[in-house]
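Asker: Sharing final_19.cif here; it has mmCIF, C-alpha atoms.
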data_upload
#
loop_
_atom_site.label_atom_id
_atom_site.label_comp_id
_atom_site.auth_asym_id
_atom_site.auth_seq_id
_atom_site.Cartn_x
_atom_site.Cartn_y
_atom_site.Cartn_z
CA MET T 1 -3.08 -26.15 15.45
CA SER T 2 0.02 -27.87 14.07
CA ASP T 3 1.82 -26.68 10.96
CA GLN T 4 0.69 -29.85 9.19
CA GLN T 5 -2.93 -28.79 9.55
CA ILE T 6 -2.41 -25.30 8.15
CA LEU T 7 -3.12 -24.94 4.45
CA VAL T 8 -0.51 -22.77 2.76
CA LEU T 9 -2.20 -20.74 0.03
CA ASP T 10 -0.37 -20.65 -3.29
CA PRO T 11 0.74 -17.04 -3.95
CA SER T 12 0.76 -17.69 -7.70
CA SER T 13 -2.84 -18.93 -7.56
CA ALA T 14 -2.04 -21.53 -10.20
CA ASP T 15 -5.21 -23.56 -9.49
CA HIS T 16 -7.50 -21.59 -7.22
CA HIS T 17 -10.50 -23.86 -7.84
CA ALA T 18 -8.64 -26.86 -6.42
CA GLU T 19 -7.51 -24.72 -3.49
CA ASP T 20 -11.09 -23.52 -2.90
CA GLU T 21 -12.26 -27.13 -2.89
CA ALA T 22 -9.62 -27.97 -0.30
CA LEU T 23 -10.81 -25.07 1.86
CA ARG T 24 -14.43 -26.22 1.72
CA ALA T 25 -13.40 -29.78 2.53
CA ARG T 26 -11.82 -28.55 5.79
CA GLY T 27 -15.13 -27.17 7.07
CA PRO T 28 -16.70 -23.73 7.48
CA ALA T 29 -13.44 -22.17 8.69
CA THR T 30 -9.86 -23.38 8.61
CA MET T 31 -6.46 -21.93 9.41
CA VAL T 32 -4.38 -20.93 6.39
CA ASP T 33 -1.03 -19.33 5.74
CA MET T 34 -1.23 -16.31 3.41
CA LEU T 35 2.31 -15.21 2.55
CA GLY T 36 3.45 -15.96 6.09
CA VAL T 37 0.40 -14.60 7.93
CA ARG T 38 -1.94 -17.06 9.57
CA ALA T 39 -5.66 -16.43 9.35
CA TRP T 40 -8.99 -18.20 9.51
CA SER T 41 -10.18 -18.71 5.95
CA VAL T 42 -13.99 -18.74 5.97
CA SER T 43 -15.52 -20.52 2.99
CA ASP T 44 -18.99 -21.31 4.33
CA PRO T 45 -21.37 -18.60 3.07
CA VAL T 46 -23.65 -18.73 6.11
CA LEU T 47 -20.78 -18.30 8.56
CA LEU T 48 -19.10 -15.75 6.34
CA LYS T 49 -22.20 -13.56 6.13
CA GLN T 50 -22.59 -13.86 9.90
CA LEU T 51 -19.02 -12.69 10.50
CA LEU T 52 -19.24 -9.92 7.90
CA THR T 53 -22.16 -8.38 9.79
CA SER T 54 -20.98 -9.07 13.35
CA LYS T 55 -19.75 -6.38 15.73
CA GLN T 56 -17.43 -9.08 17.03
CA VAL T 57 -15.38 -8.67 13.85
CA SER T 58 -13.34 -5.58 12.95
CA LYS T 59 -11.32 -4.40 9.93
CA ASP T 60 -9.17 -2.08 12.05
CA ALA T 61 -5.83 -3.85 12.32
CA ARG T 62 -4.26 -1.19 14.51
CA ALA T 63 -6.98 -1.58 17.13
CA HIS T 64 -7.76 -5.29 16.98
CA TRP T 65 -4.81 -7.24 15.54
CA PRO T 66 -1.98 -7.75 18.05
CA ASP T 67 0.34 -8.86 15.23
CA PHE T 68 -0.15 -5.63 13.27
CA ALA T 69 3.06 -3.80 14.16
CA ASP T 70 5.33 -6.80 13.58
CA THR T 71 3.52 -7.90 10.43
CA VAL T 72 3.42 -4.67 8.44
CA ALA T 73 7.20 -4.39 8.54
CA THR T 74 7.72 -7.62 6.60
CA TRP T 75 4.44 -8.69 4.96
CA PRO T 76 4.12 -8.12 1.20
CA LEU T 77 0.42 -7.31 1.66
CA ALA T 78 1.03 -4.75 4.42
CA LEU T 79 -0.77 -2.01 2.47
CA TRP T 80 -4.02 -3.99 2.62
CA VAL T 81 -4.12 -3.72 6.40
CA ALA T 82 -2.23 -0.46 6.97
CA VAL T 83 -4.30 1.94 4.85
CA GLU T 84 -6.50 4.42 6.72
CA ASN T 85 -9.81 4.57 4.88
CA MET T 86 -13.25 2.99 5.10
CA PHE T 87 -11.80 -0.35 3.91
CA THR T 88 -10.03 -0.75 7.26
CA ALA T 89 -12.33 1.32 9.45
CA TYR T 90 -14.53 -0.03 12.24
CA GLY T 91 -17.68 1.28 13.88
CA SER T 92 -18.30 5.03 13.83
CA ASP T 93 -15.11 5.73 11.86
CA HIS T 94 -16.37 3.51 9.05
CA SER T 95 -19.78 5.20 9.06
CA ARG T 96 -18.15 8.65 8.94
CA LEU T 97 -15.92 7.79 5.99
CA ARG T 98 -18.62 5.94 4.06
CA ARG T 99 -20.99 8.92 4.37
CA MET T 100 -18.40 11.13 2.68
CA ILE T 101 -17.91 8.83 -0.29
CA ALA T 102 -21.46 7.57 -0.84
CA PRO T 103 -22.75 10.72 -2.63
CA ALA T 104 -20.17 10.31 -5.41
CA LEU T 105 -21.57 6.86 -6.19
CA SER T 106 -25.26 7.56 -5.62
CA ALA T 107 -27.87 5.98 -7.88
CA ARG T 108 -28.44 9.33 -9.58
CA ARG T 109 -24.76 9.96 -10.31
CA THR T 110 -24.21 6.38 -11.45
CA SER T 111 -27.21 6.47 -13.77
CA ALA T 112 -25.94 9.74 -15.25
CA LEU T 113 -22.75 7.94 -16.33
CA GLN T 114 -24.59 5.47 -18.60
CA GLY T 115 -24.13 7.54 -21.75
CA ASP T 116 -20.44 8.12 -21.06
CA VAL T 117 -19.86 4.43 -20.39
CA ASP T 118 -21.63 3.37 -23.58
CA ALA T 119 -19.67 5.92 -25.60
CA LEU T 120 -16.35 4.77 -24.12
CA VAL T 121 -17.15 1.14 -24.93
CA SER T 122 -18.17 2.07 -28.47
CA GLY T 123 -14.91 3.95 -28.98
CA LEU T 124 -12.84 1.02 -27.74
CA LEU T 125 -14.72 -1.34 -30.03
CA ASP T 126 -14.11 1.01 -32.97
CA GLY T 127 -10.42 0.49 -32.35
CA LEU T 128 -10.84 -3.28 -32.33
CA ASP T 129 -13.05 -3.14 -35.42
CA ALA T 130 -10.22 -1.53 -37.38
CA LEU T 131 -7.99 -4.59 -36.92
CA PRO T 132 -7.61 -7.05 -39.81
CA ALA T 133 -9.83 -10.13 -39.77
CA GLY T 134 -8.09 -13.13 -38.26
CA GLU T 135 -5.73 -11.05 -36.12
CA VAL T 136 -5.38 -12.06 -32.47
CA VAL T 137 -6.14 -9.30 -29.96
CA ASP T 138 -5.86 -9.32 -26.17
CA VAL T 139 -9.29 -8.11 -25.09
CA ARG T 140 -8.19 -7.81 -21.46
CA GLU T 141 -5.58 -5.27 -22.49
CA ARG T 142 -7.59 -3.53 -25.22
CA LEU T 143 -11.09 -3.57 -23.66
CA ALA T 144 -11.34 -4.86 -20.09
CA TYR T 145 -8.56 -2.56 -18.82
CA PRO T 146 -9.12 0.81 -20.50
CA LEU T 147 -12.85 1.11 -19.83
CA PRO T 148 -12.88 0.92 -16.00
CA ILE T 149 -9.79 3.09 -15.60
CA ALA T 150 -11.35 5.72 -17.88
CA VAL T 151 -14.63 5.65 -15.95
CA ILE T 152 -13.10 5.87 -12.48
CA GLY T 153 -10.62 8.42 -13.82
CA GLN T 154 -13.55 10.59 -14.84
CA VAL T 155 -15.32 10.14 -11.49
CA MET T 156 -12.17 10.89 -9.50
CA GLY T 157 -10.79 13.57 -11.82
CA VAL T 158 -7.57 11.69 -12.61
CA PRO T 159 -6.10 13.28 -15.77
CA ALA T 160 -5.82 10.88 -18.70
CA GLU T 161 -2.03 11.18 -18.78
CA ARG T 162 -1.81 9.95 -15.15
CA ARG T 163 -4.07 6.91 -15.48
CA ASP T 164 -1.58 4.42 -16.90
CA ARG T 165 0.81 5.17 -14.03
CA PHE T 166 -1.94 4.49 -11.49
CA ARG T 167 -2.86 1.32 -13.31
CA ASP T 168 0.67 -0.12 -13.18
CA LEU T 169 1.03 0.69 -9.48
CA VAL T 170 -2.40 -0.65 -8.51
CA ASP T 171 -1.80 -3.88 -10.45
CA ARG T 172 1.19 -4.48 -8.20
CA VAL T 173 -0.91 -3.86 -5.09
CA PHE T 174 -3.10 -6.81 -6.11
CA ALA T 175 -0.17 -9.05 -7.04
CA THR T 176 0.93 -11.58 -4.43
CA ASN T 177 4.21 -12.62 -6.02
CA LEU T 178 6.19 -9.56 -4.87
CA SER T 179 8.73 -9.55 -2.08
CA ALA T 180 8.14 -7.37 0.95
CA ASP T 181 10.78 -4.93 -0.32
CA GLU T 182 9.22 -4.77 -3.79
CA ALA T 183 5.77 -4.18 -2.31
CA ALA T 184 7.10 -1.46 0.01
CA ALA T 185 8.80 0.31 -2.89
CA ASN T 186 5.59 0.13 -4.92
CA THR T 187 3.63 1.62 -2.01
CA ALA T 188 6.11 4.47 -1.68
CA THR T 189 5.79 5.30 -5.37
CA LEU T 190 2.02 5.01 -5.25
CA TYR T 191 1.81 7.42 -2.33
CA GLN T 192 4.06 9.86 -4.19
CA VAL T 193 1.75 9.76 -7.22
CA LEU T 194 -1.29 10.26 -4.98
CA ALA T 195 0.40 13.23 -3.30
CA GLU T 196 1.02 14.75 -6.73
CA LEU T 197 -2.65 14.29 -7.64
CA ILE T 198 -3.77 15.94 -4.39
CA GLU T 199 -1.41 18.85 -4.96
CA ALA T 200 -2.63 19.33 -8.53
CA LYS T 201 -6.31 19.17 -7.55
CA ARG T 202 -5.80 21.47 -4.60
CA ALA T 203 -4.29 24.03 -6.98
CA GLU T 204 -6.93 23.55 -9.69
CA PRO T 205 -10.07 21.83 -8.31
CA GLY T 206 -12.67 20.40 -10.65
CA ASP T 207 -16.11 18.80 -10.58
CA ASP T 208 -14.85 15.45 -9.34
CA MET T 209 -14.62 13.30 -6.23
CA THR T 210 -10.96 14.06 -5.56
CA SER T 211 -11.63 17.81 -5.45
CA LEU T 212 -14.67 17.24 -3.24
CA LEU T 213 -12.69 15.17 -0.74
CA ILE T 214 -9.86 17.71 -0.69
CA ALA T 215 -12.34 20.51 -0.01
CA THR T 216 -13.90 18.48 2.79
CA ARG T 217 -10.46 17.93 4.33
CA ASP T 218 -9.31 21.54 3.98
CA GLU T 219 -12.51 23.14 5.20
CA GLU T 220 -12.43 21.11 8.42
CA GLY T 221 -9.35 22.70 9.91
CA ASP T 222 -9.13 20.53 13.01
CA GLY T 223 -9.08 17.34 10.94
CA ARG T 224 -12.28 15.91 12.38
CA ALA T 225 -13.76 15.21 8.98
CA LEU T 226 -10.81 13.67 7.14
CA SER T 227 -7.17 13.34 8.12
CA ASP T 228 -4.37 13.70 5.58
CA ALA T 229 -3.80 9.94 5.68
CA GLU T 230 -7.52 9.25 5.28
CA LEU T 231 -7.69 11.59 2.30
CA ARG T 232 -4.76 9.90 0.59
CA ASP T 233 -5.91 6.37 1.35
CA THR T 234 -9.52 7.08 0.40
CA LEU T 235 -8.33 8.21 -3.02
CA LEU T 236 -6.28 5.02 -3.27
CA LEU T 237 -9.33 2.93 -2.37
CA MET T 238 -11.60 4.66 -4.86
CA ILE T 239 -9.15 4.48 -7.74
CA SER T 240 -8.00 0.89 -7.16
CA ALA T 241 -11.35 -0.68 -6.25
CA GLY T 242 -13.03 1.33 -8.98
CA TYR T 243 -11.14 -0.30 -11.80
CA GLU T 244 -9.21 -3.46 -10.88
CA THR T 245 -12.23 -5.54 -9.88
CA THR T 246 -14.30 -4.44 -12.90
CA VAL T 247 -11.45 -5.42 -15.21
CA ASN T 248 -11.65 -8.95 -13.84
CA VAL T 249 -15.43 -9.23 -14.19
CA ILE T 250 -15.22 -8.14 -17.84
CA ASP T 251 -12.34 -10.58 -18.35
CA GLN T 252 -14.20 -13.53 -16.80
CA ALA T 253 -17.53 -12.79 -18.52
CA LEU T 254 -15.92 -12.51 -21.95
CA THR T 255 -13.82 -15.61 -21.35
CA THR T 256 -16.87 -17.65 -20.38
CA LEU T 257 -19.04 -16.55 -23.29
CA LEU T 258 -16.25 -16.92 -25.84
CA SER T 259 -15.48 -20.45 -24.67
CA ASP T 260 -19.08 -21.64 -24.19
CA PRO T 261 -21.38 -20.64 -27.08
CA GLN T 262 -24.38 -22.17 -25.29
CA GLN T 263 -24.33 -19.35 -22.74
CA LEU T 264 -24.36 -16.71 -25.46
CA ALA T 265 -27.23 -18.61 -27.10
CA HIS T 266 -29.25 -18.22 -23.88
CA VAL T 267 -29.04 -14.44 -24.20
CA ARG T 268 -29.83 -14.38 -27.90
CA ALA T 269 -32.83 -16.65 -27.40
CA GLY T 270 -34.14 -14.54 -24.53
CA ARG T 271 -33.69 -17.24 -21.90
CA CYS T 272 -31.58 -14.84 -19.83
CA THR T 273 -30.39 -11.24 -19.92
CA TRP T 274 -26.97 -9.61 -19.93
CA GLN T 275 -27.64 -8.76 -16.29
CA ASP T 276 -28.08 -12.49 -15.61
CA ILE T 277 -24.73 -13.18 -17.27
CA VAL T 278 -23.06 -10.57 -15.08
CA GLU T 279 -24.55 -11.92 -11.85
CA GLU T 280 -23.63 -15.49 -12.67
CA THR T 281 -20.10 -14.38 -13.56
CA LEU T 282 -19.84 -12.62 -10.20
CA ARG T 283 -20.96 -15.82 -8.49
CA HIS T 284 -18.97 -18.25 -10.60
CA GLU T 285 -15.70 -16.28 -10.91
CA PRO T 286 -15.75 -13.35 -8.46
CA ALA T 287 -13.26 -10.58 -9.15
CA VAL T 288 -11.72 -11.06 -5.69
CA LYS T 289 -10.94 -14.58 -4.48
CA HIS T 290 -9.73 -13.78 -0.96
CA LEU T 291 -10.01 -10.40 0.75
CA PRO T 292 -7.58 -9.59 3.59
CA LEU T 293 -8.23 -9.11 6.49
CA ARG T 294 -10.65 -8.91 9.41
CA TYR T 295 -10.03 -9.55 13.12
CA ALA T 296 -11.93 -11.08 15.99
CA VAL T 297 -12.69 -8.41 18.61
CA GLU T 298 -13.49 -11.14 21.11
CA ASP T 299 -13.54 -14.94 21.15
CA ILE T 300 -16.02 -16.25 18.56
CA PRO T 301 -17.14 -19.85 19.16
CA LEU T 302 -18.18 -21.71 16.01
CA ARG T 303 -20.75 -24.49 15.66
CA SER T 304 -17.94 -26.76 14.51
CA GLY T 305 -16.51 -26.61 18.03
CA GLN T 306 -13.65 -24.36 16.96
CA THR T 307 -13.07 -20.88 18.36
CA ILE T 308 -11.73 -17.89 16.54
CA LYS T 309 -9.85 -16.24 19.37
CA ALA T 310 -9.77 -12.52 20.03
CA GLY T 311 -7.07 -10.89 17.93
CA GLU T 312 -6.89 -13.66 15.33
CA ALA T 313 -7.12 -12.71 11.66
CA ILE T 314 -10.01 -13.72 9.41
CA LEU T 315 -9.80 -14.09 5.62
CA ALA T 316 -13.01 -13.73 3.60
CA SER T 317 -12.68 -16.45 0.94
CA TYR T 318 -15.34 -15.24 -1.48
CA GLY T 319 -14.36 -17.55 -4.33
CA ALA T 320 -14.78 -20.68 -2.22
CA ALA T 321 -17.98 -19.42 -0.59
CA ASN T 322 -19.67 -18.54 -3.88
CA ARG T 323 -19.32 -22.12 -5.11
CA HIS T 324 -20.31 -23.79 -1.85
CA PRO T 325 -22.54 -26.80 -2.62
CA ASP T 326 -24.85 -26.01 0.31
CA TRP T 327 -25.66 -22.64 -1.28
CA HIS T 328 -25.95 -23.49 -4.96
CA GLU T 329 -26.85 -26.71 -6.71
CA ASP T 330 -24.15 -27.84 -9.14
CA ALA T 331 -22.24 -24.78 -7.95
CA ALA T 332 -19.20 -25.31 -10.21
CA ARG T 333 -21.35 -25.01 -13.34
CA PHE T 334 -21.88 -21.64 -15.01
CA ASP T 335 -25.63 -21.25 -15.51
CA PRO T 336 -27.09 -17.77 -16.06
CA THR T 337 -30.60 -19.26 -16.13
CA ARG T 338 -30.38 -20.53 -12.55
CA THR T 339 -32.94 -18.88 -10.27
CA ASN T 340 -30.59 -18.28 -7.36
CA LYS T 341 -27.47 -16.41 -8.43
CA GLU T 342 -26.73 -14.91 -5.01
CA HIS T 343 -23.06 -14.25 -4.33
CA LEU T 344 -20.62 -12.37 -2.12
CA ALA T 345 -18.55 -10.85 -4.91
CA PHE T 346 -19.23 -7.32 -3.66
CA GLY T 347 -18.97 -8.22 0.01
CA HIS T 348 -21.80 -8.16 2.53
CA GLY T 349 -23.05 -5.91 5.31
CA VAL T 350 -21.70 -2.43 6.06
CA HIS T 351 -18.65 -2.96 3.83
CA PHE T 352 -20.74 -3.86 0.75
CA CYS T 353 -19.10 -2.24 -2.28
CA LEU T 354 -20.50 1.21 -3.04
CA GLY T 355 -19.38 0.91 -6.66
CA ALA T 356 -21.32 -2.29 -7.42
CA PRO T 357 -24.01 -0.59 -9.59
CA LEU T 358 -21.35 1.20 -11.65
CA ALA T 359 -19.36 -2.02 -12.15
CA ARG T 360 -22.48 -3.87 -13.27
CA MET T 361 -23.31 -1.07 -15.70
CA GLU T 362 -19.86 -1.21 -17.27
CA VAL T 363 -19.87 -4.98 -17.73
CA VAL T 364 -23.36 -5.03 -19.29
CA SER T 365 -22.34 -2.29 -21.71
CA VAL T 366 -19.22 -4.19 -22.75
CA LEU T 367 -20.98 -7.51 -23.26
CA SER T 368 -23.99 -6.18 -25.15
CA GLN T 369 -21.92 -4.03 -27.51
CA PHE T 370 -19.06 -6.51 -27.98
CA PHE T 371 -21.21 -9.42 -29.07
CA ASP T 372 -23.37 -7.18 -31.24
CA ARG T 373 -20.23 -5.95 -33.01
CA PHE T 374 -18.37 -9.28 -33.08
CA PRO T 375 -20.94 -12.12 -33.12
CA ASP T 376 -18.37 -14.66 -34.39
CA ALA T 377 -15.59 -13.82 -31.94
CA ARG T 378 -13.79 -16.75 -30.31
CA LEU T 379 -10.90 -17.41 -27.97
CA ALA T 380 -7.59 -17.86 -29.77
CA THR T 381 -6.36 -20.11 -26.94
CA PRO T 382 -8.32 -22.81 -25.10
CA ARG T 383 -9.69 -21.45 -21.83
CA GLU T 384 -7.85 -24.01 -19.74
CA GLU T 385 -4.56 -22.73 -21.17
CA LEU T 386 -5.12 -19.10 -20.17
CA ALA T 387 -2.64 -18.06 -17.49
CA PRO T 388 -4.19 -16.83 -14.21
CA LEU T 389 -3.02 -13.62 -12.61
CA PRO T 390 -0.34 -14.34 -9.99
CA SER T 391 -2.57 -13.18 -7.16
CA LEU T 392 -4.42 -14.63 -4.20
CA ILE T 393 -6.70 -11.61 -4.40
CA SER T 394 -7.40 -10.64 -8.00
CA ASN T 395 -9.22 -13.24 -10.13
CA GLY T 396 -8.47 -12.79 -13.80
CA HIS T 397 -6.06 -13.78 -16.56
CA THR T 398 -2.77 -12.29 -17.65
CA SER T 399 -4.26 -12.00 -21.14
CA VAL T 400 -7.38 -13.03 -23.04
CA PRO T 401 -6.38 -13.57 -26.70
CA VAL T 402 -9.35 -13.43 -29.07
CA ILE T 403 -9.97 -13.67 -32.81
CA LEU T 404 -12.71 -11.14 -33.43
CA ARG T 405 -13.56 -12.20 -36.99
CA PRO T 406 -12.34 -15.23 -38.91
CA ALA T 407 -9.89 -14.48 -41.68
CA ALA T 408 -11.29 -14.57 -45.21
CA ARG T 409 -10.54 -17.79 -47.06
#
Mind converting the file's structure to structure tokens?

Answerer:
Amino acid sequence: MSDQQILVLDPSSADHHAEDEALRARGPATMVDMLGVRAWSVSDPVLLKQLLTSKQVSKDARAHWPDFADTVATWPLALWVAVENMFTAYGSDHSRLRRMIAPALSARRTSALQGDVDALVSGLLDGLDALPAGEVVDVRERLAYPLPIAVIGQVMGVPAERRDRFRDLVDRVFATNLSADEAAANTATLYQVLAELIEAKRAEPGDDMTSLLIATRDEEGDGRALSDAELRDTLLLMISAGYETTVNVIDQALTTLLSDPQQLAHVRAGRCTWQDIVEETLRHEPAVKHLPLRYAVEDIPLRSGQTIKAGEAILASYGAANRHPDWHEDAARFDPTRTNKEHLAFGHGVHFCLGAPLARMEVVSVLSQFFDRFPDARLATPREELAPLPSLISNGHTSVPVILRPAAR
């Protein structure tokens, strides 16, 4: 394929909807350049679901991506393919790692968090309620961010005083406007902070997932259960995936409802539920636009006549797939009353997100309490003027300025 036929993805993600449309126009799969790495972007939901469940496709870059060694030295997104946890595991290794983590996010444990989540949301809203009427507040910073990091911090046992540091470092993992050197420095600092957390929890374990994983590692002396790298990178996965994506769903749901009163009217009139709003948000503006990377284990012929060759990289383009016109009628329109709100926001197949129920719980709690407390809230800036995050991965805004109550006249 010539360079002229390769679509270079915009690392600033200035207009991802236009880019998604361009991807769909090129067919089910097309070659793209993602910060210098070439991969097959898959935007057709049928093909994408097929590849996400195929044994012909791996997430293990070391085993199945010939370009791995050369790429990780210079690619700003090297951490996304170099970590050693269930995110990049294949086959039995993935099953082994997923079995260790699944109990921490079981239905019973997630349900038990409902009261804590509601109380955290209520406390955050108390802080917003104390602000003067007419004042502009960034609800991404004051609501969408602190809730998920507090919840995953509780699950993982991350002390409150360490959470802001993790947040800053993880935000930079999702950014795609860093140089390779900046990304490498961020990874080094992140690993240092994770090592400090492991050391602290090993010295004083608690009733949390970090302590449980450390105990699993230490009790299996030969390393069969969990290697040191797997322990560190599993903590990274749980902390980062447990908050960053939920922040974006809260951001996008609030932004939509605050800019389109008709959608809020649907809920208040009983034409849809808060759960419907959440699912349509996940379809319409998924928290992750593109998720790097997967690799063809063998040649994969496509119905289009193309072939994804063994060793070539595959990019799951969830944002483009969710709005595919063959999947959803009038797919670009937000409609929580639509019957089919299926989406790929949490992935598909064996890598489906274990934290999906917890994320849904958090977003429902935020929406129901926020609009009960602030029924007249509105965006302080037109939605089309909100700045997107500079990321090919994370789908949110740099800020969401809101007027909670109109100033008295």

Asker: My list of candidates is T:Leu315, T:Leu282, T:Val32, T:Cys353. Which is closest to Arg294 of chain T when distances are computed with only C-alpha atoms?

Answerer: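 With only C-alpha atoms as the atom set, the closest residue is T:Leu315.
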
Asker: The PyMOL selection byres ((chain T and resi 68) around 12) - which residues does that actually catch in the file I just gave you? List them as a PyMOL selection string.

Answerer: chain T and resi 37+59-67+69-75+77-82+293-295+311-313

Asker: Have a look at T:Ile300, T:Ile250, T:Ala22, T:Val350 and name the one nearest to Thr53 of chain T; count all atoms listed in the file.

Answerer: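 Under the stated criterion, the closest residue is T:Val350.
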
Asker: Using the chain letters and numbering of this document, enumerate as JSON, numbers by chain the residues selected by the PyMOL selection byres ((chain T and resi 194-203) around 8).

Answerer: {"T": [158, 190, 191, 192, 193, 204, 205, 206, 210, 211, 214, 232, 235, 236]}

Asker: Which is closer to Leu237 of chain T than all the others in T:Leu257, T:Ala130, T:Ile152, T:Val364, using all atoms listed in the file?

Answerer: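 Residue with the minimum atom-to-atom distance to Leu237 of chain T: T:Ile152.
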
Asker: Report, in Å to a single decimal, how far apart atom CA of Leu125 of chain T and atom CA of Phe370 of chain T are.

Answerer: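 Calculated distance between atom CA of Phe370 of chain T and atom CA of Leu125 of chain T is 7.1 Å.
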
Asker: Between atom CA of Ala321 of chain T and atom CA of Asp251 of chain T, what is the spacing in Å?

Answerer: 20.6 Å

Asker: So, counting only C-alpha atoms, which residue among T:Ala133, T:Leu358, T:Leu231, T:Val46 is closest to Met100 of chain T?

Answerer: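 The shortest atom-to-atom distance to Met100 of chain T comes from T:Leu231.
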
Asker: Measure the distance from atom CA of Arg108 of chain T to atom CA of Met361 of chain T in Å and round it to one decimal.

Answerer: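 So the answer is 13.1 Å.
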
Asker: Expand the PyMOL selection byres ((chain T and resi 281) around 10) into the individual residues it matches in the shown file, reporting them as a list of chain:residue names.

Answerer: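 Evaluating the PyMOL selection byres ((chain T and resi 281) around 10) on this file yields T:Val249, T:Ile250, T:Asp251, T:Gln252, T:Ala253, T:Leu254, T:Thr256, T:Gln275, T:Asp276, T:Ile277, T:Val278, T:Glu279, T:Glu280, T:Leu282, T:Arg283, T:His284, T:Glu285, T:Pro286, T:Ala287, T:Phe334, T:Asp335, T:Pro336, T:Lys341, T:His343, T:Ala345.
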
Asker: Between T:Ala316, T:Leu258, T:Ala387, T:Met86, which is the closest to Arg98 of chain T once you count all atoms listed in the file?

Answerer: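 Of T:Ala316, T:Leu258, T:Ala387, T:Met86, the one nearest Arg98 of chain T is T:Met86, counting all atoms listed in the file.
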
Asker: Output, as AutoDock Vina command-line options, the centre and edge lengths in Å (one decimal) of the axis-aligned box that contains all listed atoms of segment 165-177 of chain T with 3 Å of margin on each side.

Answerer:
--center_x 0.6 --center_y -3.7 --center_z -9.2 --size_x 13.3 --size_y 23.8 --size_z 15.6

Asker: For Thr398 of chain T, which residue among T:Leu213, T:Ile6, T:Ala184, T:Ala14 is the nearest when counting all atoms listed in the file?

Answerer: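 Of T:Leu213, T:Ile6, T:Ala184, T:Ala14, the one nearest Thr398 of chain T is T:Ala14, counting all atoms listed in the file.
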
Asker: Using all atoms listed in the file, which protein or nucleic acid residues come within 12 Å of segment 109-114 of chain T? Drop anything in the same chain fewer than 4 positions from it, and give the result as a list in words.

Answerer: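 Near segment 109-114 of chain T, the qualifying residues are Ala102, Pro103, Ala104, Leu105, Asp118, Ala119, Leu120, Val121, Ala150, Val151, Ile152, Gln154, Val155, Asp208, Met209, Leu354, Gly355, Ala356, Pro357, Leu358, Ala359, Arg360, Met361, Glu362, Val363, Val364, Ser365 and Val366 of chain T.
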
Asker: I'd like the contact shell of Thr337 of chain T - 8 Å cut-off, all atoms listed in the file, skipping same-chain residues fewer than 6 positions apart - returned as a list in words.

Answerer: His266, Arg271, Cys272 and Asp276 of chain T

Asker: Skipping near chain neighbours, those fewer than 4 positions away, what residues fall within 8 Å of Ala89 of chain T using all atoms listed in the file, listed as number ranges by chain?

Answerer: T: 58-60, 84-85, 93-94

Asker: Can you complete the atoms of segment 255-263 of chain T to N, CA, C and O atoms and list them as a compact mmCIF listing (two decimals), in the coordinates of the input?

Answerer:
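Produced file part16.txt, reproduced below:
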# COMPACT_ATOMS: atom_id res chain seq x y z
N THR T 255 -14.45 -14.29 -21.24
CA THR T 255 -13.82 -15.61 -21.35
C THR T 255 -14.86 -16.73 -21.35
O THR T 255 -14.79 -17.66 -22.15
N THR T 256 -15.83 -16.63 -20.46
CA THR T 256 -16.87 -17.65 -20.38
C THR T 256 -17.71 -17.71 -21.65
O THR T 256 -17.94 -18.78 -22.23
N LEU T 257 -18.17 -16.57 -22.12
CA LEU T 257 -19.04 -16.55 -23.29
C LEU T 257 -18.30 -16.94 -24.56
O LEU T 257 -18.88 -17.57 -25.46
N LEU T 258 -17.04 -16.59 -24.65
CA LEU T 258 -16.25 -16.92 -25.84
C LEU T 258 -15.85 -18.39 -25.87
O LEU T 258 -15.52 -18.93 -26.93
N SER T 259 -15.86 -19.04 -24.73
CA SER T 259 -15.48 -20.45 -24.67
C SER T 259 -16.67 -21.38 -24.55
O SER T 259 -16.52 -22.60 -24.66
N ASP T 260 -17.87 -20.82 -24.36
CA ASP T 260 -19.08 -21.64 -24.19
C ASP T 260 -20.23 -21.00 -24.96
O ASP T 260 -21.02 -20.24 -24.39
N PRO T 261 -20.35 -21.27 -26.24
CA PRO T 261 -21.38 -20.64 -27.08
C PRO T 261 -22.80 -20.85 -26.56
O PRO T 261 -23.68 -20.05 -26.85
N GLN T 262 -23.03 -21.91 -25.81
CA GLN T 262 -24.38 -22.17 -25.29
C GLN T 262 -24.85 -21.02 -24.40
O GLN T 262 -26.02 -20.67 -24.41
N GLN T 263 -23.93 -20.43 -23.64
CA GLN T 263 -24.33 -19.35 -22.74
C GLN T 263 -24.73 -18.10 -23.53
O GLN T 263 -25.69 -17.42 -23.19
